[in-house]
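Colleague: Contents are compact mmCIF, C-alpha atoms and all ligand atoms; file name upload-v1.txt:
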# COMPACT_ATOMS: atom_id res chain seq x y z
CA MET U 1 -63.16 70.77 -33.29
CA GLU U 2 -59.56 70.55 -34.47
CA ARG U 3 -59.08 68.49 -37.58
CA GLU U 4 -56.20 66.05 -37.88
CA LYS U 5 -54.40 65.22 -41.11
CA VAL U 6 -53.51 61.62 -40.29
CA VAL U 7 -54.84 59.35 -37.56
CA ILE U 8 -53.27 55.91 -37.18
CA ILE U 9 -55.24 53.22 -35.35
CA GLY U 10 -53.03 50.50 -33.88
CA SER U 11 -49.54 50.22 -32.43
CA GLY U 12 -47.94 47.12 -33.93
CA PRO U 13 -45.08 47.25 -36.47
CA ALA U 14 -47.52 48.42 -39.17
CA GLY U 15 -48.92 51.30 -37.10
CA TYR U 16 -45.56 52.55 -35.82
CA THR U 17 -43.92 52.33 -39.24
CA ALA U 18 -46.80 54.31 -40.74
CA ALA U 19 -46.28 56.83 -37.92
CA ILE U 20 -42.52 57.15 -38.57
CA TYR U 21 -43.08 57.84 -42.27
CA ALA U 22 -46.07 60.15 -41.79
CA ALA U 23 -44.24 62.12 -39.08
CA ARG U 24 -41.12 62.48 -41.20
CA ALA U 25 -43.34 63.82 -43.99
CA GLY U 26 -44.42 66.60 -41.61
CA LEU U 27 -47.96 65.33 -41.15
CA THR U 28 -47.70 65.17 -37.30
CA PRO U 29 -49.83 62.04 -37.04
CA VAL U 30 -51.84 60.99 -34.02
CA LEU U 31 -51.60 57.30 -33.13
CA TYR U 32 -54.12 55.48 -30.94
CA THR U 33 -52.49 52.43 -29.39
CA GLY U 34 -55.59 50.29 -28.86
CA GLY U 35 -56.09 47.88 -26.00
CA GLN U 36 -52.78 46.02 -26.45
CA PRO U 37 -50.09 48.69 -26.93
CA GLY U 38 -47.34 47.23 -29.09
CA GLY U 39 -49.63 44.59 -30.58
CA GLN U 40 -49.01 40.88 -31.02
CA LEU U 41 -45.20 41.14 -30.72
CA THR U 42 -45.54 42.08 -27.05
CA THR U 43 -46.53 38.44 -26.46
CA THR U 44 -43.31 37.12 -28.03
CA ASN U 45 -40.06 36.77 -26.12
CA ASP U 46 -37.47 36.87 -28.87
CA VAL U 47 -37.90 38.12 -32.41
CA GLU U 48 -35.12 36.51 -34.43
CA ASN U 49 -36.43 36.96 -37.97
CA PHE U 50 -36.64 40.76 -38.21
CA PRO U 51 -33.75 41.89 -40.44
CA GLY U 52 -31.15 44.03 -38.73
CA TYR U 53 -31.00 42.23 -35.37
CA PRO U 54 -28.33 39.53 -35.75
CA GLU U 55 -28.72 38.52 -32.11
CA GLY U 56 -32.53 38.79 -32.15
CA ILE U 57 -34.52 41.25 -30.07
CA ASN U 58 -37.05 40.98 -27.29
CA GLY U 59 -40.56 41.62 -28.72
CA PRO U 60 -41.76 44.20 -26.16
CA GLN U 61 -38.37 46.00 -26.40
CA MET U 62 -38.66 46.18 -30.18
CA MET U 63 -42.08 47.76 -29.86
CA LEU U 64 -40.77 50.33 -27.36
CA ASP U 65 -37.98 51.19 -29.79
CA LEU U 66 -40.48 51.62 -32.63
CA GLN U 67 -42.61 53.82 -30.39
CA LYS U 68 -39.60 56.00 -29.49
CA GLN U 69 -38.65 56.29 -33.15
CA ALA U 70 -42.19 57.38 -34.05
CA GLU U 71 -42.22 59.93 -31.20
CA ARG U 72 -38.82 61.31 -32.14
CA PHE U 73 -40.27 62.68 -35.37
CA GLY U 74 -43.36 64.15 -33.76
CA THR U 75 -45.99 61.40 -33.61
CA ARG U 76 -48.49 62.06 -30.84
CA ILE U 77 -49.22 58.74 -29.15
CA HIS U 78 -52.42 58.30 -27.18
CA TYR U 79 -53.27 55.31 -25.02
CA GLY U 80 -56.86 55.20 -26.18
CA LEU U 81 -59.26 53.01 -28.02
CA VAL U 82 -61.09 54.04 -31.18
CA THR U 83 -64.55 52.70 -30.36
CA ALA U 84 -66.54 53.85 -33.42
CA VAL U 85 -65.96 55.37 -36.85
CA ASP U 86 -68.07 57.28 -39.32
CA PHE U 87 -66.58 57.12 -42.80
CA SER U 88 -69.74 58.27 -44.58
CA GLY U 89 -68.32 61.66 -45.58
CA SER U 90 -65.34 63.99 -45.38
CA PRO U 91 -63.91 64.71 -42.84
CA LEU U 92 -63.72 61.19 -41.44
CA LYS U 93 -65.01 60.93 -37.87
CA LEU U 94 -63.73 58.81 -35.02
CA THR U 95 -65.04 58.25 -31.50
CA ILE U 96 -62.36 57.74 -28.87
CA ASP U 97 -63.07 55.73 -25.71
CA GLU U 98 -66.80 55.98 -26.42
CA LYS U 99 -66.92 59.70 -25.69
CA ASP U 100 -64.48 62.03 -27.46
CA LEU U 101 -64.97 62.91 -31.11
CA LEU U 102 -62.15 63.46 -33.56
CA GLU U 103 -62.16 64.62 -37.18
CA THR U 104 -59.44 63.73 -39.63
CA GLU U 105 -58.65 63.86 -43.33
CA THR U 106 -57.09 60.41 -43.47
CA VAL U 107 -57.08 57.27 -41.35
CA ILE U 108 -54.49 54.51 -41.47
CA ILE U 109 -55.96 51.34 -40.00
CA ALA U 110 -53.36 49.07 -38.40
CA THR U 111 -55.53 47.21 -35.91
CA GLY U 112 -54.00 43.82 -36.71
CA ALA U 113 -55.39 40.39 -36.13
CA SER U 114 -55.59 38.16 -33.12
CA ALA U 115 -54.80 34.46 -33.08
CA LYS U 116 -57.73 32.37 -31.99
CA TYR U 117 -57.22 30.42 -28.79
CA LEU U 118 -59.01 27.33 -27.51
CA GLY U 119 -60.17 29.08 -24.36
CA ILE U 120 -58.74 26.63 -21.81
CA PRO U 121 -57.07 28.06 -18.67
CA SER U 122 -53.70 26.32 -19.21
CA GLU U 123 -53.16 28.22 -22.49
CA GLU U 124 -52.80 31.47 -20.62
CA LYS U 125 -50.83 29.88 -17.80
CA PHE U 126 -48.15 28.67 -20.25
CA SER U 127 -48.27 31.60 -22.63
CA ASN U 128 -44.63 32.34 -23.56
CA LYS U 129 -43.61 29.19 -21.65
CA GLY U 130 -44.32 26.68 -24.39
CA VAL U 131 -47.65 27.90 -25.80
CA SER U 132 -47.40 29.87 -29.03
CA ALA U 133 -49.63 30.85 -31.91
CA CYS U 134 -46.78 31.37 -34.38
CA ALA U 135 -44.52 28.53 -35.49
CA VAL U 136 -42.41 30.77 -37.72
CA CYS U 137 -41.74 33.10 -34.75
CA ASP U 138 -41.12 30.54 -32.02
CA GLY U 139 -40.45 27.17 -33.69
CA TYR U 140 -36.69 27.60 -33.53
CA PHE U 141 -36.75 27.41 -29.72
CA TYR U 142 -38.09 23.85 -29.97
CA ARG U 143 -35.54 22.36 -32.33
CA GLY U 144 -34.81 18.76 -31.48
CA LYS U 145 -37.86 18.62 -29.19
CA ASP U 146 -41.37 17.18 -29.44
CA VAL U 147 -44.25 19.60 -30.02
CA ALA U 148 -47.99 19.57 -30.69
CA VAL U 149 -49.97 21.62 -33.20
CA VAL U 150 -53.73 22.01 -32.92
CA GLY U 151 -55.84 22.77 -36.01
CA ALA U 152 -56.68 21.22 -39.36
CA GLY U 153 -56.64 24.06 -41.87
CA ASP U 154 -53.86 25.31 -44.14
CA SER U 155 -52.19 27.12 -41.22
CA ALA U 156 -52.02 23.96 -39.15
CA ALA U 157 -50.70 21.95 -42.10
CA GLU U 158 -48.12 24.62 -42.88
CA GLU U 159 -47.03 25.04 -39.26
CA ALA U 160 -46.80 21.28 -38.72
CA THR U 161 -44.59 20.76 -41.79
CA TYR U 162 -42.48 23.79 -40.85
CA LEU U 163 -41.99 22.49 -37.30
CA ALA U 164 -41.28 18.95 -38.55
CA LYS U 165 -38.06 20.28 -40.11
CA LEU U 166 -36.88 21.58 -36.74
CA CYS U 167 -38.41 19.26 -34.18
CA SER U 168 -37.98 15.56 -33.44
CA LYS U 169 -41.71 14.91 -33.59
CA VAL U 170 -44.86 16.89 -34.28
CA HIS U 171 -48.24 15.73 -32.97
CA LEU U 172 -51.04 17.22 -35.06
CA ILE U 173 -54.30 17.36 -33.10
CA VAL U 174 -57.35 17.27 -35.40
CA ARG U 175 -60.81 17.46 -33.88
CA ARG U 176 -62.64 15.65 -36.71
CA ASP U 177 -61.82 12.67 -38.92
CA GLU U 178 -60.70 14.90 -41.77
CA MET U 179 -58.70 18.06 -42.37
CA ARG U 180 -59.96 21.27 -43.87
CA ALA U 181 -56.54 22.06 -45.39
CA SER U 182 -56.08 21.97 -49.17
CA LYS U 183 -55.26 18.52 -50.60
CA ILE U 184 -51.68 19.44 -51.47
CA MET U 185 -50.97 20.70 -47.93
CA GLN U 186 -52.59 17.59 -46.43
CA GLN U 187 -50.45 15.43 -48.67
CA ARG U 188 -47.35 17.19 -47.42
CA VAL U 189 -48.37 16.45 -43.84
CA LEU U 190 -49.08 12.79 -44.63
CA ASN U 191 -45.73 12.46 -46.41
CA THR U 192 -43.77 13.82 -43.45
CA PRO U 193 -42.68 10.84 -41.35
CA ASN U 194 -42.21 12.71 -38.06
CA ILE U 195 -45.76 14.15 -38.00
CA GLN U 196 -48.27 11.98 -36.16
CA ILE U 197 -51.91 12.91 -36.69
CA HIS U 198 -54.33 12.37 -33.82
CA TRP U 199 -57.77 12.21 -35.52
CA ASN U 200 -61.03 12.89 -33.67
CA THR U 201 -59.06 14.42 -30.86
CA ALA U 202 -59.60 17.49 -28.73
CA THR U 203 -57.23 19.20 -26.30
CA ASP U 204 -58.40 18.72 -22.76
CA GLU U 205 -55.56 20.51 -20.97
CA ILE U 206 -51.93 21.54 -21.44
CA THR U 207 -49.81 20.18 -18.63
CA GLY U 208 -46.53 21.48 -17.27
CA ASP U 209 -44.53 22.83 -14.37
CA GLU U 210 -42.71 26.06 -13.54
CA SER U 211 -40.24 25.44 -16.38
CA GLY U 212 -43.05 25.35 -18.95
CA VAL U 213 -45.10 22.90 -21.00
CA THR U 214 -44.38 19.20 -20.50
CA GLY U 215 -47.38 17.57 -22.18
CA VAL U 216 -50.94 17.68 -23.47
CA ARG U 217 -53.94 15.76 -22.17
CA LEU U 218 -56.01 14.65 -25.15
CA VAL U 219 -59.56 13.46 -25.34
CA ASP U 220 -61.06 11.22 -28.02
CA THR U 221 -64.12 13.08 -29.28
CA ARG U 222 -66.01 9.83 -30.04
CA THR U 223 -65.33 7.79 -26.90
CA GLY U 224 -64.36 10.47 -24.37
CA GLU U 225 -61.24 8.46 -23.55
CA LYS U 226 -58.33 10.52 -22.26
CA SER U 227 -54.64 10.08 -22.99
CA GLU U 228 -51.47 12.13 -22.58
CA ILE U 229 -48.58 12.96 -24.89
CA LYS U 230 -45.26 14.44 -23.82
CA VAL U 231 -44.33 17.68 -25.62
CA GLN U 232 -42.37 20.84 -24.81
CA GLY U 233 -44.23 23.13 -27.20
CA PHE U 234 -47.91 23.61 -27.98
CA PHE U 235 -48.78 25.58 -31.13
CA LEU U 236 -52.22 26.95 -31.91
CA ALA U 237 -53.17 27.07 -35.58
CA ILE U 238 -56.94 27.35 -35.46
CA GLY U 239 -57.14 30.60 -37.39
CA HIS U 240 -56.86 34.33 -36.85
CA GLN U 241 -59.49 36.96 -36.32
CA PRO U 242 -58.86 40.36 -37.95
CA ASN U 243 -59.70 43.21 -35.58
CA THR U 244 -62.27 44.89 -37.80
CA GLY U 245 -65.45 44.88 -35.67
CA ILE U 246 -65.76 48.69 -35.63
CA PHE U 247 -65.50 48.91 -39.44
CA LYS U 248 -68.39 46.58 -40.23
CA GLY U 249 -70.83 48.18 -42.64
CA GLN U 250 -68.35 50.98 -43.44
CA LEU U 251 -65.48 49.28 -45.26
CA ALA U 252 -65.33 46.41 -47.75
CA MET U 253 -64.15 43.16 -46.17
CA ASP U 254 -63.71 39.60 -47.32
CA GLU U 255 -65.80 36.75 -45.90
CA SER U 256 -63.44 36.39 -42.90
CA GLY U 257 -63.52 40.09 -42.04
CA TYR U 258 -60.11 41.11 -43.47
CA LEU U 259 -60.20 44.61 -44.99
CA LYS U 260 -60.04 44.71 -48.77
CA VAL U 261 -57.47 46.98 -50.39
CA GLU U 262 -56.83 47.91 -53.98
CA PRO U 263 -54.12 45.46 -55.10
CA GLY U 264 -50.61 46.88 -54.82
CA THR U 265 -51.77 49.73 -52.57
CA THR U 266 -53.21 50.21 -49.09
CA LYS U 267 -56.36 52.00 -50.32
CA THR U 268 -59.67 50.74 -48.96
CA ASN U 269 -62.96 51.40 -50.75
CA VAL U 270 -63.36 54.70 -48.83
CA GLU U 271 -61.30 57.69 -49.94
CA GLY U 272 -58.69 58.70 -47.39
CA VAL U 273 -58.89 55.41 -45.46
CA PHE U 274 -55.91 53.07 -45.74
CA ALA U 275 -55.40 49.59 -44.28
CA VAL U 276 -51.97 48.21 -43.39
CA GLY U 277 -50.51 45.13 -41.71
CA ASP U 278 -52.34 41.99 -40.62
CA VAL U 279 -55.79 43.61 -40.72
CA ALA U 280 -55.59 43.39 -44.52
CA ASP U 281 -53.27 40.38 -44.84
CA ARG U 282 -54.45 36.86 -44.21
CA ILE U 283 -51.44 35.21 -45.81
CA TYR U 284 -48.07 36.59 -44.67
CA ARG U 285 -48.76 38.06 -41.21
CA GLN U 286 -45.12 38.82 -40.37
CA ALA U 287 -43.71 41.83 -38.51
CA ILE U 288 -41.55 42.73 -41.48
CA THR U 289 -44.41 42.57 -44.01
CA ALA U 290 -46.61 44.56 -41.63
CA ALA U 291 -43.89 47.21 -41.27
CA GLY U 292 -43.49 47.37 -45.05
CA SER U 293 -47.18 47.90 -45.61
CA GLY U 294 -47.23 50.51 -42.81
CA CYS U 295 -44.70 52.47 -44.84
CA MET U 296 -46.89 52.09 -47.95
CA GLY U 297 -49.93 53.34 -46.00
CA ALA U 298 -48.14 56.52 -44.92
CA LEU U 299 -46.92 57.20 -48.48
CA ASP U 300 -50.44 56.57 -49.86
CA ALA U 301 -51.94 58.94 -47.26
CA GLU U 302 -49.32 61.59 -48.00
CA LYS U 303 -50.00 61.35 -51.74
CA TYR U 304 -53.74 61.54 -51.15
CA LEU U 305 -53.39 64.68 -49.02
CA ALA U 306 -51.07 66.34 -51.53
CA ALA U 307 -53.54 65.67 -54.38
CA LYS U 308 -56.36 67.09 -52.28
CA GLU U 309 -54.37 70.25 -51.56
CA THR U 310 -53.64 70.69 -55.25
CA GLU U 311 -57.39 70.41 -55.96
CA VAL U 312 -58.09 73.21 -53.46
CA VAL U 313 -55.44 75.50 -54.97
CA HIS U 314 -56.74 75.14 -58.54
P1 LIG O 401 -59.15 27.97 -41.05
O1 LIG O 401 -60.30 28.72 -40.52
O2 LIG O 401 -59.11 27.60 -42.49
O3 LIG O 401 -59.00 26.59 -40.25
C1 LIG O 401 -59.08 26.56 -38.87
C2 LIG O 401 -58.93 25.10 -38.46
O4 LIG O 401 -58.88 25.06 -37.05
C3 LIG O 401 -60.10 24.23 -38.91
O5 LIG O 401 -59.61 23.01 -39.41
C4 LIG O 401 -60.89 24.01 -37.63
O6 LIG O 401 -61.45 22.73 -37.50
C5 LIG O 401 -59.82 24.12 -36.56
N1 LIG O 401 -60.39 24.62 -35.33
C6 LIG O 401 -61.09 25.75 -35.12
N2 LIG O 401 -61.43 25.86 -33.84
C7 LIG O 401 -60.93 24.77 -33.22
C8 LIG O 401 -60.96 24.30 -31.89
N3 LIG O 401 -61.55 25.00 -30.93
N4 LIG O 401 -60.36 23.12 -31.60
C9 LIG O 401 -59.73 22.41 -32.57
N5 LIG O 401 -59.67 22.79 -33.87
C10 LIG O 401 -60.26 23.96 -34.17
O7 LIG O 401 -57.86 28.83 -40.59
P2 LIG O 401 -56.37 28.83 -41.17
O8 LIG O 401 -55.62 29.78 -40.32
O9 LIG O 401 -55.85 27.47 -41.31
O10 LIG O 401 -56.51 29.46 -42.62
C11 LIG O 401 -57.10 30.74 -42.81
C12 LIG O 401 -57.07 31.11 -44.28
O11 LIG O 401 -55.74 31.36 -44.68
C13 LIG O 401 -57.59 29.99 -45.18
O12 LIG O 401 -58.27 30.58 -46.24
C14 LIG O 401 -56.34 29.33 -45.67
O13 LIG O 401 -56.50 28.69 -46.93
C15 LIG O 401 -55.38 30.51 -45.76
N6 LIG O 401 -53.99 30.06 -45.59
C16 LIG O 401 -53.27 29.78 -46.72
C17 LIG O 401 -51.99 29.33 -46.62
C18 LIG O 401 -51.25 29.04 -47.86
O14 LIG O 401 -51.82 29.04 -48.92
N7 LIG O 401 -49.96 28.79 -47.79
C19 LIG O 401 -51.31 29.13 -45.32
C20 LIG O 401 -52.16 29.44 -44.20
C21 LIG O 401 -53.45 29.88 -44.35
P3 LIG O 401 -62.70 22.24 -38.41
O15 LIG O 401 -62.12 21.91 -39.76
O16 LIG O 401 -63.17 21.06 -37.67
O17 LIG O 401 -63.67 23.38 -38.42
Could I get this structure in the form of structure tokens?

Modeller:
Amino acid sequence: MEREKVVIIGSGPAGYTAAIYAARAGLTPVLYTGGQPGGQLTTTNDVENFPGYPEGINGPQMMLDLQKQAERFGTRIHYGLVTAVDFSGSPLKLTIDEKDLLETETVIIATGASAKYLGIPSEEKFSNKGVSACAVCDGYFYRGKDVAVVGAGDSAAEEATYLAKLCSKVHLIVRRDEMRASKIMQQRVLNTPNIQIHWNTATDEITGDESGVTGVRLVDTRTGEKSEIKVQGFFLAIGHQPNTGIFKGQLAMDESGYLKVEPGTTKTNVEGVFAVGDVADRIYRQAITAAGSGCMGALDAEKYLAAKETEVVH
């Protein structure tokens, strides 16, 4: 079996940036795209906060450009899924699409995270037409308009206060009679006059027409009574799920499943395995921070391989 030097798992900004750097270092990396080639940005229309694009850029287009840039320097891109890993020894072993085996000296994990959704049909229907899971990415499109945010943790509090600066009114939909968010973040929400909290409230359905979202049907969780609010945007802030299922039992993770790395580096607890982007970042979760850590991952892998080679020579 041929042994690879660097295998990158994931094709978001972190994965492609790692690929660009690893390829330019002559490591001819292999990149497995995963089930959603291009990652979370392929679900965004316009990316306006990535430096270098004064007019903004379409999310899927940006990912195609990153892919081309990675290929230009010799990255081999495969549309496959890494379905299992064995990091118990060296070389590291990967199973592709449940059948093919691959051996490699290093792995850069860039599998990202996925926003949690409520699981109601109208979310998908209005995806990119008023439904978003990222206020920082999409909030600007709703300036001067009314929006709703669902959730009650720090993300929901942060997104609601962020949106309140841009929008006329923010409806915060909280399913219980209290919020999970830290006291200081809750206080910020309570002190913002254009945020209205709907306590003990669940989302029954998002309503709209061909132009997009026009409202939300709410249901009181105590009485079952239904009501409707008019909004043009609906933001989910009920948490993210890091895509780390295949690494359980092999790599150190925090209690939410995010991969742990040595602070200031991308090194996991297994030699030769590096984690970059949202899979190891529960706080920032931006394309630009993911790209930056992708670069770090490639440099860490390159350094690791160089040190290993030196060991062999001596
Ligand atoms: P959390 O898991 O902390 O909170 C999720 C929230 O969503 C909970 O309030 C939960 O309600 C609610 N929720 C979950 N499912 C549903 C549903 N189906 N319908 C309605 N509501 C639902 O996720 P966050 O993303 O807020 O935070 C994740 C981590 O990141 C936390 O540790 C947080 O502290 C941290 N963070 C820190 C920030 C900062 O410091 N600036 C900013 C953002 C996040 P319930 O309470 O009823 O379970």

Colleague: Quick one, how far is CA of Thr289 in chain U from CA of Gly277 in chain U?

Modeller: 7.0 Å

Colleague: One decimal, in Å: what's the spacing between CA of Arg180 in chain U and atom O13 of ligand LIG 401 (chain O)?

Modeller: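 So the two atoms, CA of Arg180 in chain U and atom O13 of ligand LIG 401 (chain O), lie 8.7 Å apart.
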
Colleague: List every protein, DNA or RNA residue that has an atom no more than 12 Å from (-61.8, 6.1, -28.2) in the file's coordinate frame, counting all atoms listed in the file, and report them as a PyMOL selection string.

Modeller: chain U and resi 198-202+218-227

Colleague: Just the selected residues (C-alpha atoms), exported as a PDB file, in the frame of the given file, please.

Modeller:
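After the write, result13.pdb holds the following:
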ATOM      1  CA  HIS U 198     -54.330  12.370 -33.820  1.00  0.00           C
ATOM      2  CA  TRP U 199     -57.770  12.210 -35.520  1.00  0.00           C
ATOM      3  CA  ASN U 200     -61.030  12.890 -33.670  1.00  0.00           C
ATOM      4  CA  THR U 201     -59.060  14.420 -30.860  1.00  0.00           C
ATOM      5  CA  ALA U 202     -59.600  17.490 -28.730  1.00  0.00           C
ATOM      6  CA  LEU U 218     -56.010  14.650 -25.150  1.00  0.00           C
ATOM      7  CA  VAL U 219     -59.560  13.460 -25.340  1.00  0.00           C
ATOM      8  CA  ASP U 220     -61.060  11.220 -28.020  1.00  0.00           C
ATOM      9  CA  THR U 221     -64.120  13.080 -29.280  1.00  0.00           C
ATOM     10  CA  ARG U 222     -66.010   9.830 -30.040  1.00  0.00           C
ATOM     11  CA  THR U 223     -65.330   7.790 -26.900  1.00  0.00           C
ATOM     12  CA  GLY U 224     -64.360  10.470 -24.370  1.00  0.00           C
ATOM     13  CA  GLU U 225     -61.240   8.460 -23.550  1.00  0.00           C
ATOM     14  CA  LYS U 226     -58.330  10.520 -22.260  1.00  0.00           C
ATOM     15  CA  SER U 227     -54.640  10.080 -22.990  1.00  0.00           C
TER      16      SER U 227
END

Colleague: I need the residue nearest Glu309 in chain U from this list: U:Tyr140, U:Glu262, U:Ala290, U:Glu105. Use all atoms listed in the file for the distance.

Modeller: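 Going through U:Tyr140, U:Glu262, U:Ala290, U:Glu105 one by one, the smallest distance to Glu309 in chain U is for U:Glu105.
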
Colleague: Which residues come within 8 Å of Thr95 in chain U, counting only C-alpha atoms, excluding same-chain residues fewer than 4 positions away, as a count of residues only?

Modeller: 8

Colleague: Write out as a compact mmCIF listing (two decimals) with C-alpha atoms, in the frame of the given file each polymer residue (protein, DNA or RNA) that has an atom no more than 10 Å from ligand LIG 401 (chain O), with all atoms listed in the file counted.

Modeller:
# COMPACT_ATOMS: atom_id res chain seq x y z
CA ALA U 115 -54.80 34.46 -33.08
CA LYS U 116 -57.73 32.37 -31.99
CA TYR U 117 -57.22 30.42 -28.79
CA LEU U 118 -59.01 27.33 -27.51
CA GLY U 119 -60.17 29.08 -24.36
CA ILE U 120 -58.74 26.63 -21.81
CA VAL U 149 -49.97 21.62 -33.20
CA VAL U 150 -53.73 22.01 -32.92
CA GLY U 151 -55.84 22.77 -36.01
CA ALA U 152 -56.68 21.22 -39.36
CA GLY U 153 -56.64 24.06 -41.87
CA ASP U 154 -53.86 25.31 -44.14
CA SER U 155 -52.19 27.12 -41.22
CA ALA U 156 -52.02 23.96 -39.15
CA ALA U 157 -50.70 21.95 -42.10
CA GLU U 158 -48.12 24.62 -42.88
CA GLU U 159 -47.03 25.04 -39.26
CA ILE U 173 -54.30 17.36 -33.10
CA VAL U 174 -57.35 17.27 -35.40
CA ARG U 175 -60.81 17.46 -33.88
CA ARG U 176 -62.64 15.65 -36.71
CA ASP U 177 -61.82 12.67 -38.92
CA GLU U 178 -60.70 14.90 -41.77
CA MET U 179 -58.70 18.06 -42.37
CA ARG U 180 -59.96 21.27 -43.87
CA ALA U 181 -56.54 22.06 -45.39
CA SER U 182 -56.08 21.97 -49.17
CA ILE U 184 -51.68 19.44 -51.47
CA MET U 185 -50.97 20.70 -47.93
CA ASN U 200 -61.03 12.89 -33.67
CA THR U 201 -59.06 14.42 -30.86
CA ALA U 202 -59.60 17.49 -28.73
CA THR U 203 -57.23 19.20 -26.30
CA LEU U 236 -52.22 26.95 -31.91
CA ALA U 237 -53.17 27.07 -35.58
CA ILE U 238 -56.94 27.35 -35.46
CA GLY U 239 -57.14 30.60 -37.39
CA HIS U 240 -56.86 34.33 -36.85
CA GLN U 241 -59.49 36.96 -36.32
CA GLU U 255 -65.80 36.75 -45.90
CA SER U 256 -63.44 36.39 -42.90
CA ASP U 281 -53.27 40.38 -44.84
CA ARG U 282 -54.45 36.86 -44.21
CA ILE U 283 -51.44 35.21 -45.81
CA TYR U 284 -48.07 36.59 -44.67
CA ARG U 285 -48.76 38.06 -41.21

Colleague: Could you please give me, as a VMD selection string, the residues of protein, DNA or RNA lying at most 12 Å from (-43.2, 17.9, -16.7) in the coordinate frame of the file, considering all atoms listed in the file?

Modeller: chain U and resid 130 206 to 216 228 to 233

Colleague: For Lys68 in chain U, which of U:Thr42, U:Ser90, U:Ser11, U:Ser127 is the closest residue, counting all atoms listed in the file?

Modeller: U:Ser11

Colleague: One decimal, Å: what's the distance from CA of Ala23 in chain U over to CA of Met253 in chain U, could you say?

Modeller: 28.4 Å

Colleague: Residues of range 188-274 of chain U that approach range 168-171 of chain U to 8 Å or less, counting only C-alpha atoms: could you list each one with the shortest pair of atoms and its distance in Å to one decimal, rows by chain and increasing residue number, as a tab-separated table?

Modeller:
residue	atom	partner	partner_atom	distance
U:Asn194	CA	U:Lys169	CA	5.0
U:Ile195	CA	U:Val170	CA	4.7
U:Gln196	CA	U:His171	CA	4.9
U:Ile197	CA	U:His171	CA	5.9
U:His198	CA	U:His171	CA	7.0

Colleague: Give me the residues near range 54-60 of chain U as a ChimeraX atom specification, where near means some atom within 10 Å (using all atoms listed in the file) and where sequence neighbours in that chain fewer than 5 positions away do not count.

Modeller: /U:37-49,65-66

Colleague: At a cut-off of 9 Å, using only C-alpha atoms, what residues contact Val270 in chain U? Leave out same-chain residues fewer than 6 positions from it and give the result as a short mmCIF file (atom, residue, chain, number, x, y, z; two decimals) with C-alpha atoms, in the frame of the given file.

Modeller:
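Below you can see selection.cif, which holds the result:
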data_model
loop_
_atom_site.label_atom_id
_atom_site.label_comp_id
_atom_site.auth_asym_id
_atom_site.auth_seq_id
_atom_site.Cartn_x
_atom_site.Cartn_y
_atom_site.Cartn_z
CA PHE U 87 -66.58 57.12 -42.80
CA SER U 88 -69.74 58.27 -44.58
CA GLN U 250 -68.35 50.98 -43.44
CA LEU U 251 -65.48 49.28 -45.26
CA ALA U 252 -65.33 46.41 -47.75
#
